[in-house]
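A short write-up of the structure that comes next.
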Amino acid sequence: MVSIPREAFWAHALAGCLLLGVMILAELPPGFVARRMIVEVPILIFAVLLPFFGQGETVEILGMTLSVEGLWGAWTILAKATLGLGASIVLAATTTVPDLIRSLDRLHVPGAITAIAGFMVRYIDIVVGEFSRRKVAMASRGYEPKWIWQATPLAQSAGSLFIRSYERGERVHQAMVARGFTGRMPRYGEAPATLGQWASGLWVPIATSILAFLSLTVLR
Amino acid sequence: MSEPSLEVTELRYSYPDGHRALDGVDLHVHHGERLALLGPNGAGKTTLLLHLNGILRPSAGAVRVAGLEVAEKSLMEVRRRVGLVFQDPDDQLFMPTVGQDVAFGPANFGMEGDELDARVAEALDAVSMLDSRDRAPHHLSYGERRRVAIATVLAMKPEILVLDEPTSNLDPASRRELIGVLQGLPITQLVVTHDLPFALELCPRALVMDQGRIVATNPTLEILTDEGLMRAHRLELPFRFDPTGT
């Protein structure tokens with residue numbers, strides 16, 4: 001997707017259709033996708049501003065003087081960010097986190113990184129739960145912050161939460177060492193992907209690669 | 001007499017701040033025995049447990065697990081032989097799925113393939129959690145997590161199972177299930193607990209530890225009925241609980 005030239009509108013459109021097709025195939029509800037697309041909004045705002053502040057050659061559209069380079073930049077961000085985000089949403093919605101981490105491991109992403117990701121997924125609920133219990137405990141004693149300068153207790157709480165998480169890390173490490181951990185995470189439960197899984201997983205990337213190839217070569 | 005599962009002699013340990021946590025601990029756990037370790041907060045119980053598999057190293061004295069002395073070169077084998085179940089199951093269960101967590105120990109000791117699969121299934125089955133193999137630990141109830149934590153060390157086929165406060169935070173039904181599971185395990189067990197009725201039900205013999213020392217070793221019932229000993233070491237039975245069952 002990244003290597004499709006920005007002039008190839010048709011290729012972007014086809015990639016968009018492909019993505020839409022995959023979403024329908026995966027039975028993702030439109031609302032589900034739309035809510036997750038919201039993270040893109042700040043990037044889109046930035047993209048919209050580009051034509052107004054861009055340098056160089058300009059063009060007159062609806063009485064506004066817009067930068068040609070800025071327009072191209074806005075289009076590229078809009079198209080690639082939307083398609084990329086859509087693809088990530090499909091991946092996240094159709095693959096469980098343990099599967100995702102195991103696959104990264106099999107694809108030779110360094111063990112330290114997959115281990116950190118695994119621990120993060122495992123403990124994020126616990127840390128968030130602890131933080132919300134503290135907020136409840138603070139609210140129960142009349143703490144209802146409305147202004148930024150009232151945030152001190154929250155910040156202090158975050159600090160002590162950090163220390164507690166650090167201490168938990170030490171206890172987890174003890175528990176790992178107690179079961180023979182020597183610095184390398186063992187692999188387990190990694191049935192290799194079947195031919196069918198490879199096929200169903202690869203057809204979208206292959207189709208997109210063909211699009212990119214065509215848009216870079218014969219159809220340029 | 002056969003080789004004891006666990007033998008601790010004259011164990012001493014001081015924390016870096018100079019606090020003396022263990023002040024000459026001696027204890028024997030016989031093969032197949034279930035032994036309770038009782039004592040007030042700060043008696044040094046958890047510190048003792050961390051010595052049993054060499055996470056902490058003593059300033060003097062020795063620990064032997066089925067005859068093997070805990071030392072730098074025996075650490076891996078000692079850790080396989082001593083199955084330490086920590087108090088908070090969230091400290092013990094760190095892998096994305098239950099099955100992967102149970103496999104963590106045996107895999108570290110080089111087991112793989114079908115053999116490892118079978119070992120994981122066997123350990124989960126022993127704590128009645130086989131159906132949860134592919135679930136994430138944080139989706140389990142606290143009682144279920146506690147049982148999975150036990151399976152994670154059972155999977156290493158340890159010589160001795162060491163449990164730190166296994167009934168803490170459990171509701172009565174989960175506590176009952178846990179007692180059933182532990183009674184059904186044909187393995188030596190050392191249980192640190194404040195839950196005296198639990199100790200009485202599970203362990204025929206008990207030790208009382210206070211200020212870094214073992215101050216009494218006797219049948220659990222005798223300890224719980226020795227009012228002077230109980231009061232001296234801040235041990236209390238639940239309200240209206242009669243250990244003699246009369």
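In the structure tokens, chains take letters A, B, ... by order of appearance, with residues numbered from 1 within each chain and ligands from 1 in the order shown.
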
Test item: chain A residues at most 12 Å from chain B, counting only C-alpha atoms, as a PyMOL selection string:
chain A and resi 96-102+114-127+129+165-191

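What separates CA of Thr244 (chain B) from CA of Ala43 (chain B) is a distance of 26.5 Å.
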
I need the alpha helix (DSSP H) residues of region 73-239 of chain B per DSSP on the backbone, written as a PyMOL selection string.
chain B and resi 75-81+89-92+98-108+113-126+142-154+172-183+196-202+220-225+227-232

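Residues of region 15-107 of chain A that DSSP, applied to the backbone, places in strand (DSSP E or B): A:Thr58, A:Val59, A:Glu60, A:Ile61, A:Met64, A:Thr65, A:Leu66, A:Ser67.
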
Go ahead and save the picked residues with N, CA and C atoms, as a JSON list (two decimals), in the first residue's frame.
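selection.json, freshly written:
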[["chain", "number", "residue", "atom", "x", "y", "z"],
["A", 58, "THR", "N", 0.86, 27.10, -6.52],
["A", 58, "THR", "CA", -0.49, 27.10, -5.94],
["A", 58, "THR", "C", -1.55, 26.92, -7.00],
["A", 59, "VAL", "N", -2.77, 26.63, -6.57],
["A", 59, "VAL", "CA", -3.88, 26.47, -7.49],
["A", 59, "VAL", "C", -5.12, 27.07, -6.82],
["A", 60, "GLU", "N", -6.01, 27.65, -7.66],
["A", 60, "GLU", "CA", -7.21, 28.32, -7.14],
["A", 60, "GLU", "C", -8.38, 27.33, -7.13],
["A", 61, "ILE", "N", -8.91, 27.01, -5.94],
["A", 61, "ILE", "CA", -10.08, 26.12, -5.88],
["A", 61, "ILE", "C", -11.13, 26.79, -5.00],
["A", 64, "MET", "N", -10.15, 29.69, -3.04],
["A", 64, "MET", "CA", -9.07, 29.58, -2.07],
["A", 64, "MET", "C", -7.77, 29.26, -2.79],
["A", 65, "THR", "N", -6.69, 29.88, -2.32],
["A", 65, "THR", "CA", -5.38, 29.59, -2.90],
["A", 65, "THR", "C", -4.77, 28.43, -2.14],
["A", 66, "LEU", "N", -4.61, 27.29, -2.84],
["A", 66, "LEU", "CA", -4.11, 26.09, -2.16],
["A", 66, "LEU", "C", -2.80, 25.64, -2.78],
["A", 67, "SER", "N", -1.93, 25.08, -1.94],
["A", 67, "SER", "CA", -0.64, 24.59, -2.41],
["A", 67, "SER", "C", -0.83, 23.24, -3.09]]

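Among the candidate residues B:Arg20, B:Arg12, B:Arg234, B:His30, the one lying nearest to Pro58 (chain B) is B:Arg12, with distances computed using only C-alpha atoms.
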
Report as JSON, numbers by chain all protein, DNA and RNA residues lying within 7 Å of region 39-53 of chain A, evaluated on only C-alpha atoms, omitting residues in the same chain fewer than 2 positions from it.
{"A": [36, 37, 55, 66, 67, 68, 70, 71, 73, 74, 77, 78]}

Store the residues picked out above in a file with N, CA and C atoms, as a compact mmCIF listing (two decimals), in the first residue's frame.
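Resulting contents of out_31.txt:
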# COMPACT_ATOMS: atom_id res chain seq x y z
N ARG A 36 -13.62 2.51 15.68
CA ARG A 36 -12.16 2.33 15.73
C ARG A 36 -11.43 3.25 14.78
N MET A 37 -12.18 3.79 13.78
CA MET A 37 -11.55 4.73 12.83
C MET A 37 -11.35 6.10 13.48
N GLN A 55 4.04 24.99 0.63
CA GLN A 55 4.86 25.95 -0.12
C GLN A 55 4.76 25.68 -1.62
N LEU A 66 -4.61 27.29 -2.84
CA LEU A 66 -4.11 26.09 -2.16
C LEU A 66 -2.80 25.64 -2.78
N SER A 67 -1.93 25.08 -1.94
CA SER A 67 -0.64 24.59 -2.41
C SER A 67 -0.83 23.24 -3.09
N VAL A 68 -0.26 23.11 -4.28
CA VAL A 68 -0.39 21.84 -5.02
C VAL A 68 0.29 20.72 -4.26
N GLY A 70 0.82 20.62 -1.13
CA GLY A 70 0.02 20.37 0.07
C GLY A 70 -1.19 19.49 -0.25
N LEU A 71 -1.82 19.72 -1.38
CA LEU A 71 -2.97 18.90 -1.77
C LEU A 71 -2.55 17.44 -1.96
N GLY A 73 0.01 16.03 -0.59
CA GLY A 73 0.34 15.50 0.74
C GLY A 73 -0.92 15.08 1.48
N ALA A 74 -1.96 15.96 1.41
CA ALA A 74 -3.21 15.67 2.11
C ALA A 74 -3.83 14.39 1.55
N ILE A 77 -1.84 11.25 2.70
CA ILE A 77 -2.10 10.91 4.11
C ILE A 77 -3.50 10.31 4.25
N LEU A 78 -4.48 11.00 3.64
CA LEU A 78 -5.86 10.53 3.74
C LEU A 78 -5.99 9.10 3.24

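By only C-alpha atoms, and with residues fewer than 3 positions from Arg205 (chain B) along its chain excluded, the set lying at most 7 Å from it is Leu35, Ala36, Asn218, Pro219 and Thr220 of chain B.
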
Extract, using only C-alpha atoms, all DNA, RNA and protein residues at most 10 Å from Thr47 (chain B), discarding same-chain residues fewer than 5 positions from it, and format them as a PyMOL selection string.
chain B and resi 13-15+21-22+42+52+55-56+212

Who sits within 12 Å of Val33 (chain A), only C-alpha atoms, same chain under 6 positions skipped, as a CSV table (one decimal) with N, CA and C atoms, in the first residue's frame:
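Result written to out_18.csv:
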chain,number,residue,atom,x,y,z
A,19,LEU,N,-10.3,-3.9,0.6
A,19,LEU,CA,-10.4,-3.8,2.1
A,19,LEU,C,-11.9,-3.9,2.5
A,20,LEU,N,-12.7,-3.2,1.8
A,20,LEU,CA,-14.1,-3.3,2.1
A,20,LEU,C,-14.6,-4.7,2.0
A,23,MET,N,-13.6,-6.7,4.9
A,23,MET,CA,-14.4,-6.4,6.1
A,23,MET,C,-15.7,-7.1,6.1
A,24,ILE,N,-16.3,-7.1,4.9
A,24,ILE,CA,-17.6,-7.8,4.7
A,24,ILE,C,-17.5,-9.3,4.9
A,26,ALA,N,-15.3,-10.7,6.7
A,26,ALA,CA,-15.0,-10.9,8.2
A,26,ALA,C,-16.2,-10.6,9.0
A,27,GLU,N,-17.3,-10.1,8.4
A,27,GLU,CA,-18.6,-9.8,9.1
A,27,GLU,C,-18.3,-8.8,10.2
A,39,VAL,N,-9.6,7.1,15.8
A,39,VAL,CA,-8.2,7.5,16.1
A,39,VAL,C,-7.6,8.3,15.0
A,40,GLU,N,-8.2,8.1,13.8
A,40,GLU,CA,-7.5,8.8,12.6
A,40,GLU,C,-7.8,10.3,12.6
A,82,THR,N,-6.1,5.9,5.9
A,82,THR,CA,-7.4,5.2,6.0
A,82,THR,C,-7.2,3.8,5.7
A,85,LEU,N,-5.1,2.0,8.4
A,85,LEU,CA,-5.9,1.8,9.6
A,85,LEU,C,-7.0,0.7,9.5
A,86,GLY,N,-7.6,0.8,8.3
A,86,GLY,CA,-8.7,-0.2,8.0
A,86,GLY,C,-8.1,-1.6,8.1
A,87,ALA,N,-6.9,-1.8,7.5
A,87,ALA,CA,-6.3,-3.1,7.5
A,87,ALA,C,-5.9,-3.6,8.9
A,88,SER,N,-5.4,-2.6,9.7
A,88,SER,CA,-5.1,-3.0,11.1
A,88,SER,C,-6.3,-3.4,11.9
A,89,ILE,N,-7.4,-2.7,11.6
A,89,ILE,CA,-8.7,-3.0,12.3
A,89,ILE,C,-9.1,-4.4,12.0
A,90,VAL,N,-9.0,-4.8,10.7
A,90,VAL,CA,-9.4,-6.1,10.3
A,90,VAL,C,-8.5,-7.1,11.0
A,91,LEU,N,-7.2,-6.9,11.0
A,91,LEU,CA,-6.2,-7.8,11.7
A,91,LEU,C,-6.6,-8.0,13.1
A,92,ALA,N,-6.8,-6.8,13.8
A,92,ALA,CA,-7.0,-6.9,15.3
A,92,ALA,C,-8.4,-7.6,15.6
A,93,ALA,N,-9.3,-7.4,14.6
A,93,ALA,CA,-10.7,-8.0,14.9
A,93,ALA,C,-10.7,-9.4,14.6

Which residues are near His233 (chain B)? Cut-off 10 Å, only C-alpha atoms, ignore same chain within fewer than 3 positions. Put them as a PyMOL selection string.
chain B and resi 38-40+43+208-211+215+228-230+236

Residue selection dump (N, CA and C atoms) as a PDB file, in the first residue's frame:
ATOM      1  N   LEU B  38       3.139 -22.650  60.328  1.00  0.00           N
ATOM      2  CA  LEU B  38       2.298 -21.591  60.904  1.00  0.00           C
ATOM      3  C   LEU B  38       3.188 -20.532  61.536  1.00  0.00           C
ATOM      4  N   GLY B  39       2.622 -19.373  61.758  1.00  0.00           N
ATOM      5  CA  GLY B  39       3.390 -18.331  62.431  1.00  0.00           C
ATOM      6  C   GLY B  39       2.844 -16.960  62.104  1.00  0.00           C
ATOM      7  N   PRO B  40       3.126 -15.972  62.965  1.00  0.00           N
ATOM      8  CA  PRO B  40       2.581 -14.629  62.747  1.00  0.00           C
ATOM      9  C   PRO B  40       3.243 -13.948  61.544  1.00  0.00           C
ATOM     10  N   ALA B  43       7.304 -13.544  60.629  1.00  0.00           N
ATOM     11  CA  ALA B  43       8.052 -14.603  61.323  1.00  0.00           C
ATOM     12  C   ALA B  43       9.213 -15.105  60.471  1.00  0.00           C
ATOM     13  N   VAL B 208       5.529 -24.395  64.035  1.00  0.00           N
ATOM     14  CA  VAL B 208       5.272 -22.990  64.331  1.00  0.00           C
ATOM     15  C   VAL B 208       6.589 -22.250  64.219  1.00  0.00           C
ATOM     16  N   MET B 209       6.563 -21.147  63.443  1.00  0.00           N
ATOM     17  CA  MET B 209       7.764 -20.370  63.249  1.00  0.00           C
ATOM     18  C   MET B 209       7.528 -18.978  63.829  1.00  0.00           C
ATOM     19  N   ASP B 210       8.516 -18.449  64.528  1.00  0.00           N
ATOM     20  CA  ASP B 210       8.415 -17.085  65.048  1.00  0.00           C
ATOM     21  C   ASP B 210       9.817 -16.510  65.163  1.00  0.00           C
ATOM     22  N   GLN B 211       9.955 -15.253  64.810  1.00  0.00           N
ATOM     23  CA  GLN B 211      11.229 -14.541  64.875  1.00  0.00           C
ATOM     24  C   GLN B 211      12.381 -15.339  64.259  1.00  0.00           C
ATOM     25  N   VAL B 215       9.696 -22.845  66.472  1.00  0.00           N
ATOM     26  CA  VAL B 215       9.536 -22.912  67.929  1.00  0.00           C
ATOM     27  C   VAL B 215       8.728 -24.128  68.375  1.00  0.00           C
ATOM     28  N   GLY B 228      -1.262 -21.972  75.457  1.00  0.00           N
ATOM     29  CA  GLY B 228      -0.089 -21.165  75.810  1.00  0.00           C
ATOM     30  C   GLY B 228       0.769 -20.895  74.579  1.00  0.00           C
ATOM     31  N   LEU B 229       1.046 -21.932  73.823  1.00  0.00           N
ATOM     32  CA  LEU B 229       1.861 -21.813  72.607  1.00  0.00           C
ATOM     33  C   LEU B 229       1.180 -20.890  71.594  1.00  0.00           C
ATOM     34  N   MET B 230      -0.117 -21.094  71.425  1.00  0.00           N
ATOM     35  CA  MET B 230      -0.868 -20.302  70.448  1.00  0.00           C
ATOM     36  C   MET B 230      -0.790 -18.823  70.798  1.00  0.00           C
ATOM     37  N   GLU B 236      -4.356 -17.555  66.335  1.00  0.00           N
ATOM     38  CA  GLU B 236      -5.723 -17.549  66.867  1.00  0.00           C
ATOM     39  C   GLU B 236      -6.631 -18.382  66.002  1.00  0.00           C
TER      40      GLU B 236
END

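For the set A:Leu154, A:Glu57, A:Arg106, A:Arg220, the residue with the smallest atom-to-atom gap to Val136 (chain A) is A:Leu154, counting only C-alpha atoms.
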